[in-house]
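This is target_16.cif. It holds mmCIF, C-alpha atoms and all ligand atoms.
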data_upload
#
loop_
_atom_site.group_PDB
_atom_site.id
_atom_site.type_symbol
_atom_site.label_atom_id
_atom_site.label_comp_id
_atom_site.auth_asym_id
_atom_site.auth_seq_id
_atom_site.Cartn_x
_atom_site.Cartn_y
_atom_site.Cartn_z
ATOM 1 C CA MET M 1 0.000 0.000 0.000
ATOM 2 C CA ARG M 2 1.198 3.587 -0.668
ATOM 3 C CA ILE M 3 1.366 5.289 2.711
ATOM 4 C CA ALA M 4 2.254 8.902 3.508
ATOM 5 C CA ILE M 5 3.543 9.574 7.014
ATOM 6 C CA ALA M 6 4.614 12.682 8.923
ATOM 7 C CA SER M 7 4.995 13.943 12.467
ATOM 8 C CA ASP M 8 5.831 17.086 14.378
ATOM 9 C CA HIS M 9 8.633 17.385 16.949
ATOM 10 C CA ALA M 10 6.499 15.617 19.585
ATOM 11 C CA GLY M 11 5.892 12.626 17.333
ATOM 12 C CA PHE M 12 9.317 12.614 15.728
ATOM 13 C CA ASP M 13 10.870 9.960 18.011
ATOM 14 C CA GLN M 14 8.426 7.268 16.873
ATOM 15 C CA LYS M 15 8.473 8.176 13.170
ATOM 16 C CA PRO M 16 11.695 6.441 12.002
ATOM 17 C CA ALA M 17 10.728 3.203 13.755
ATOM 18 C CA MET M 18 7.239 3.392 12.274
ATOM 19 C CA VAL M 19 8.633 4.012 8.773
ATOM 20 C CA SER M 20 10.936 0.974 9.123
ATOM 21 C CA TYR M 21 8.066 -1.120 10.455
ATOM 22 C CA LEU M 22 5.836 -0.177 7.514
ATOM 23 C CA GLU M 23 8.624 -0.897 5.028
ATOM 24 C CA SER M 24 9.275 -4.272 6.684
ATOM 25 C CA LEU M 25 5.606 -5.086 5.966
ATOM 26 C CA GLY M 26 6.190 -4.326 2.281
ATOM 27 C CA HIS M 27 4.458 -0.944 2.099
ATOM 28 C CA GLU M 28 5.637 1.915 -0.095
ATOM 29 C CA VAL M 29 6.224 4.693 2.419
ATOM 30 C CA ARG M 30 6.553 8.390 1.689
ATOM 31 C CA ASP M 31 8.024 10.223 4.674
ATOM 32 C CA MET M 32 6.821 13.831 4.474
ATOM 33 C CA GLY M 33 8.998 15.004 7.357
ATOM 34 C CA PRO M 34 10.193 16.600 9.455
ATOM 35 C CA ASP M 35 13.835 15.529 9.273
ATOM 36 C CA SER M 36 14.723 16.532 12.821
ATOM 37 C CA ALA M 37 13.124 16.925 16.234
ATOM 38 C CA GLU M 38 13.352 20.701 15.987
ATOM 39 C CA ARG M 39 10.152 22.450 17.121
ATOM 40 C CA CYS M 40 7.697 22.776 14.204
ATOM 41 C CA ASP M 41 4.001 23.317 13.482
ATOM 42 C CA TYR M 42 1.926 20.143 13.137
ATOM 43 C CA PRO M 43 -0.663 21.708 10.748
ATOM 44 C CA ASP M 44 2.027 21.988 8.054
ATOM 45 C CA TYR M 45 2.721 18.249 8.200
ATOM 46 C CA ALA M 46 -0.915 17.203 8.543
ATOM 47 C CA ASP M 47 -1.673 19.269 5.443
ATOM 48 C CA LYS M 48 0.996 17.521 3.337
ATOM 49 C CA VAL M 49 -0.172 14.016 4.232
ATOM 50 C CA ALA M 50 -3.887 14.825 3.986
ATOM 51 C CA ARG M 51 -3.463 16.310 0.508
ATOM 52 C CA LEU M 52 -1.494 13.295 -0.704
ATOM 53 C CA VAL M 53 -4.309 11.033 0.465
ATOM 54 C CA ALA M 54 -7.069 13.295 -0.889
ATOM 55 C CA SER M 55 -5.377 13.393 -4.305
ATOM 56 C CA GLY M 56 -4.943 9.611 -4.408
ATOM 57 C CA LYS M 57 -1.129 9.872 -4.473
ATOM 58 C CA ALA M 58 -1.189 7.963 -1.177
ATOM 59 C CA GLU M 59 -3.836 5.407 -0.210
ATOM 60 C CA ARG M 60 -3.563 6.035 3.531
ATOM 61 C CA GLY M 61 -1.957 8.584 5.825
ATOM 62 C CA ILE M 62 -0.374 8.285 9.247
ATOM 63 C CA LEU M 63 0.307 11.338 11.418
ATOM 64 C CA ILE M 64 2.114 11.392 14.751
ATOM 65 C CA CYS M 65 2.134 14.370 17.118
ATOM 66 C CA GLY M 66 2.023 14.746 20.891
ATOM 67 C CA THR M 67 -1.610 13.725 21.226
ATOM 68 C CA GLY M 68 -2.699 13.184 17.606
ATOM 69 C CA ILE M 69 -5.419 15.772 18.180
ATOM 70 C CA GLY M 70 -4.021 18.739 16.243
ATOM 71 C CA MET M 71 -3.092 16.490 13.344
ATOM 72 C CA ALA M 72 -6.642 15.104 13.167
ATOM 73 C CA ILE M 73 -8.290 18.527 13.393
ATOM 74 C CA THR M 74 -6.141 19.775 10.517
ATOM 75 C CA ALA M 75 -6.359 16.699 8.294
ATOM 76 C CA ASP M 76 -10.154 16.534 8.638
ATOM 77 C CA LYS M 77 -10.451 20.008 7.107
ATOM 78 C CA VAL M 78 -9.052 18.741 3.804
ATOM 79 C CA ALA M 79 -11.855 17.587 1.491
ATOM 80 C CA GLY M 80 -11.960 13.825 1.123
ATOM 81 C CA ILE M 81 -10.271 13.100 4.434
ATOM 82 C CA ARG M 82 -11.642 11.068 7.309
ATOM 83 C CA ALA M 83 -9.072 11.423 10.076
ATOM 84 C CA ALA M 84 -9.280 10.555 13.766
ATOM 85 C CA VAL M 85 -7.103 10.240 16.836
ATOM 86 C CA ILE M 86 -6.807 6.570 17.696
ATOM 87 C CA GLN M 87 -5.415 5.302 21.013
ATOM 88 C CA THR M 88 -6.294 1.598 20.981
ATOM 89 C CA PRO M 89 -6.116 -1.215 18.409
ATOM 90 C CA GLU M 90 -9.862 -1.802 18.879
ATOM 91 C CA PHE M 91 -10.689 1.774 17.922
ATOM 92 C CA ALA M 92 -8.421 1.436 14.870
ATOM 93 C CA GLU M 93 -10.480 -1.543 13.727
ATOM 94 C CA LEU M 94 -13.765 0.340 14.193
ATOM 95 C CA PHE M 95 -12.339 3.450 12.536
ATOM 96 C CA ARG M 96 -11.861 1.351 9.410
ATOM 97 C CA GLU M 97 -14.956 -0.854 9.675
ATOM 98 C CA HIS M 98 -17.486 1.880 10.445
ATOM 99 C CA ASN M 99 -15.915 5.147 9.289
ATOM 100 C CA ASN M 100 -13.712 4.072 6.377
ATOM 101 C CA GLY M 101 -10.965 6.199 7.932
ATOM 102 C CA ASN M 102 -8.125 7.143 5.629
ATOM 103 C CA VAL M 103 -5.806 9.173 7.870
ATOM 104 C CA LEU M 104 -4.717 7.728 11.208
ATOM 105 C CA CYS M 105 -3.552 10.187 13.859
ATOM 106 C CA ILE M 106 -1.598 8.784 16.783
ATOM 107 C CA SER M 107 0.082 10.042 19.918
ATOM 108 C CA GLY M 108 3.852 9.929 20.251
ATOM 109 C CA ARG M 109 3.749 11.165 23.849
ATOM 110 C CA PHE M 110 1.024 9.112 25.517
ATOM 111 C CA VAL M 111 0.914 5.844 23.558
ATOM 112 C CA SER M 112 3.900 3.489 23.266
ATOM 113 C CA LEU M 113 5.444 2.541 19.954
ATOM 114 C CA GLU M 114 4.423 -1.064 20.614
ATOM 115 C CA VAL M 115 0.722 -0.144 20.940
ATOM 116 C CA ASN M 116 0.928 2.287 18.025
ATOM 117 C CA LYS M 117 2.258 -0.518 15.814
ATOM 118 C CA LYS M 118 -0.799 -2.637 16.693
ATOM 119 C CA ILE M 119 -3.022 0.355 15.940
ATOM 120 C CA VAL M 120 -1.301 0.769 12.573
ATOM 121 C CA ASP M 121 -1.675 -2.976 11.843
ATOM 122 C CA ASN M 122 -5.438 -2.777 12.341
ATOM 123 C CA PHE M 123 -5.702 0.481 10.428
ATOM 124 C CA LEU M 124 -3.992 -1.100 7.425
ATOM 125 C CA THR M 125 -5.596 -4.546 7.448
ATOM 126 C CA THR M 126 -9.227 -3.867 8.394
ATOM 127 C CA GLU M 127 -11.693 -3.429 5.523
ATOM 128 C CA PHE M 128 -14.572 -0.950 5.533
ATOM 129 C CA ALA M 129 -17.717 -2.919 6.400
ATOM 130 C CA GLY M 130 -19.990 -0.974 4.012
ATOM 131 C CA GLY M 131 -23.680 -1.910 4.412
ATOM 132 C CA ARG M 132 -25.431 0.329 6.908
ATOM 133 C CA HIS M 133 -22.201 2.276 7.387
ATOM 134 C CA ALA M 134 -21.916 3.309 3.742
ATOM 135 C CA GLY M 135 -24.747 5.840 3.803
ATOM 136 C CA ARG M 136 -23.437 7.328 7.043
ATOM 137 C CA VAL M 137 -20.003 7.821 5.553
ATOM 138 C CA GLU M 138 -21.653 9.465 2.527
ATOM 139 C CA LYS M 139 -23.387 11.810 4.969
ATOM 140 C CA ILE M 140 -20.041 12.645 6.572
ATOM 141 C CA MET M 141 -18.597 13.500 3.179
ATOM 142 C CA ARG M 142 -21.432 15.854 2.127
ATOM 143 C CA GLU M 143 -19.958 18.279 4.690
ATOM 144 C CA ASP M 144 -17.067 18.736 2.220
ATOM 145 C CA ASP M 145 -19.458 20.222 -0.336
ATOM 146 C CA PRO M 146 -19.545 24.029 -0.032
ATOM 147 C CA GLY M 147 -23.060 23.891 -1.512
ATOM 148 C CA PHE M 148 -24.398 21.674 1.263
ATOM 149 C CA ALA M 149 -26.497 23.868 3.556
ATOM 150 C CA GLY M 150 -26.873 21.371 6.385
ATOM 151 C CA VAL M 151 -29.761 19.128 7.371
ATOM 152 C CA GLY M 152 -31.516 21.944 9.208
ATOM 153 C CA THR M 153 -31.730 22.567 12.934
ATOM 154 C CA GLY M 154 -35.318 23.770 13.106
ATOM 155 C CA LEU M 155 -34.110 26.952 14.868
HETATM 156 C C1 LIG M 201 3.113 20.173 20.438
HETATM 157 O O1 LIG M 201 3.535 20.717 21.631
HETATM 158 C C2 LIG M 201 1.707 19.602 20.592
HETATM 159 O O2 LIG M 201 0.808 20.631 20.764
HETATM 160 C C3 LIG M 201 1.364 18.762 19.374
HETATM 161 O O3 LIG M 201 2.295 17.755 19.193
HETATM 162 C C4 LIG M 201 0.015 18.075 19.405
HETATM 163 O O4 LIG M 201 -0.152 17.331 20.566
HETATM 164 C C5 LIG M 201 -1.141 18.935 19.082
HETATM 165 O O5 LIG M 201 -2.298 18.517 19.024
#

Please go through the file and, once you have read it, give me the structure as structure tokens.
Ligand code: RB5
Amino acid sequence: MRIAIASDHAGFDQKPAMVSYLESLGHEVRDMGPDSAERCDYPDYADKVARLVASGKAERGILICGTGIGMAITADKVAGIRAAVIQTPEFAELFREHNNGNVLCISGRFVSLEVNKKIVDNFLTTEFAGGRHAGRVEKIMREDDPGFAGVGTGL
């Protein structure tokens, strides 16, 4: 699978090991930086990976920051992206099965590399379940359409 990965300074420590792990599994990995643990802004790196996934140049994205939160907030603003912070392997499975997630955001500060590898395994091997989840994912994606005026609040 073609996978784009990036971090910020807080996720940098886990990135090289994660890149090697992904390559050992046979994936084609594009490391979008950074190249050092120097302080940097996570939205810049989330943007790169999210756009590669949205354009189809990468099939999945993996982002590592301190919590994963800022990466997910940024990536989700790019049209076509379904990103979430995932802290357990079980959530990674459901993120794929129910939400057809395409950008995984993980914590380099609060979750060990060992657990993050299991999260990544499930993210990469679990298929979207479709069925009743398909229409819900379509409803998520209509929020990307600037012409969509919302379902109405009644207020
Ligand atoms: C960086 O200090 C930290 O804010 C960042 O890595 C991330 O946790 C943001 O959501």

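For Gly61 (chain M), the residues within 10 Å (counting all atoms listed in the file, excluding itself and residues fewer than 2 positions away along the chain) are Arg2, Ile3, Ala4, Ile5, Ala6, Val29, Arg30, Ala46, Lys48, Val49, Ala50, Arg51, Leu52, Val53, Ala54, Ala58, Glu59, Leu63, Ala75, Ile81, Ala83, Gly101, Asn102, Val103, Leu104 and Cys105 of chain M.
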
Compile a residue-level contact table for chain M against ligand LIG 201 (chain M) at a cut-off of 9 Å, reporting for every qualifying residue the shortest atom pair and its distance in Å to one decimal, with all atoms listed in the file counted, rows ordered by chain and ascending number, as JSON lines.
{"residue": "M:Ser7", "atom": "CA", "partner": "M:LIG201", "partner_atom": "O3", "distance": 8.2}
{"residue": "M:Asp8", "atom": "CA", "partner": "M:LIG201", "partner_atom": "O3", "distance": 6.0}
{"residue": "M:His9", "atom": "CA", "partner": "M:LIG201", "partner_atom": "O3", "distance": 6.7}
{"residue": "M:Ala10", "atom": "CA", "partner": "M:LIG201", "partner_atom": "O3", "distance": 4.7}
{"residue": "M:Gly11", "atom": "CA", "partner": "M:LIG201", "partner_atom": "O3", "distance": 6.5}
{"residue": "M:Arg39", "atom": "CA", "partner": "M:LIG201", "partner_atom": "C1", "distance": 8.1}
{"residue": "M:Cys40", "atom": "CA", "partner": "M:LIG201", "partner_atom": "C1", "distance": 8.2}
{"residue": "M:Asp41", "atom": "CA", "partner": "M:LIG201", "partner_atom": "C1", "distance": 7.7}
{"residue": "M:Tyr42", "atom": "CA", "partner": "M:LIG201", "partner_atom": "C3", "distance": 6.4}
{"residue": "M:Pro43", "atom": "CA", "partner": "M:LIG201", "partner_atom": "C5", "distance": 8.8}
{"residue": "M:Ile64", "atom": "CA", "partner": "M:LIG201", "partner_atom": "O3", "distance": 7.8}
{"residue": "M:Cys65", "atom": "CA", "partner": "M:LIG201", "partner_atom": "O3", "distance": 4.0}
{"residue": "M:Gly66", "atom": "CA", "partner": "M:LIG201", "partner_atom": "O4", "distance": 3.4}
{"residue": "M:Thr67", "atom": "CA", "partner": "M:LIG201", "partner_atom": "O4", "distance": 3.9}
{"residue": "M:Gly68", "atom": "CA", "partner": "M:LIG201", "partner_atom": "O5", "distance": 5.5}
{"residue": "M:Ile69", "atom": "CA", "partner": "M:LIG201", "partner_atom": "O5", "distance": 4.2}
{"residue": "M:Gly70", "atom": "CA", "partner": "M:LIG201", "partner_atom": "O5", "distance": 3.3}
{"residue": "M:Met71", "atom": "CA", "partner": "M:LIG201", "partner_atom": "O5", "distance": 6.1}
{"residue": "M:Ala72", "atom": "CA", "partner": "M:LIG201", "partner_atom": "O5", "distance": 8.1}
{"residue": "M:Ile73", "atom": "CA", "partner": "M:LIG201", "partner_atom": "O5", "distance": 8.2}
{"residue": "M:Ser107", "atom": "CA", "partner": "M:LIG201", "partner_atom": "O4", "distance": 7.3}
{"residue": "M:Gly108", "atom": "CA", "partner": "M:LIG201", "partner_atom": "O3", "distance": 8.0}
{"residue": "M:Arg109", "atom": "CA", "partner": "M:LIG201", "partner_atom": "O4", "distance": 8.0}

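Evaluated against the shown file, the PyMOL selection byres (((chain M and resi 88) around 10) and not hetatm) gives Val85, Ile86, Gln87, Pro89, Glu90, Phe91, Ala92, Glu93, Ile106, Val111, Val115, Asn116, Lys118, Ile119, Val120 and Asn122 of chain M.
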
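Straight-line separation from CA of Gly56 (chain M) to CA of Ala37 (chain M): 28.4 Å.
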
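Residues selected in this file by the PyMOL selection byres (((chain M and resi 128-130) around 7) and not hetatm) comprise Arg96, Glu97, His98, Asn100, Thr126, Glu127, Gly131, Arg132, His133 and Ala134 of chain M.
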
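Atom pair CA of Glu114 (chain M) / CA of Ile62 (chain M): separated by 15.5 Å.
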
Open item on the list: I'd like to see the residues matched by the PyMOL selection byres (((chain M and resi 141) around 12) and not hetatm) on this file, and ideally I'd get them as a list in words.
Closed with: Asp76, Lys77, Val78, Ala79, Gly80, Ile81, Arg82, Ala83, Asn99, Asn100, Gly101, Ala134, Gly135, Arg136, Val137, Glu138, Lys139, Ile140, Arg142, Glu143, Asp144, Asp145, Pro146, Phe148 and Gly150 of chain M

Open item on the list: Just to confirm, what's the straight-line distance from CA of Tyr21 (chain M) to CA of Ser36 (chain M) in Å (one decimal)?
Closed with: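 Spanning CA of Tyr21 (chain M) to CA of Ser36 (chain M) is a straight-line distance of 19.0 Å.
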
Enclose the full set of atoms of region 71-74 of chain M listed in the file within a box whose edges lie along x, y and z, apply 4 Å of padding to each of the six sides, and report centre and edge lengths in Å to one decimal as lines of an AutoDock Vina configuration file.
center_x = -5.7
center_y = 17.4
center_z = 12.0
size_x = 13.2
size_y = 12.7
size_z = 10.9
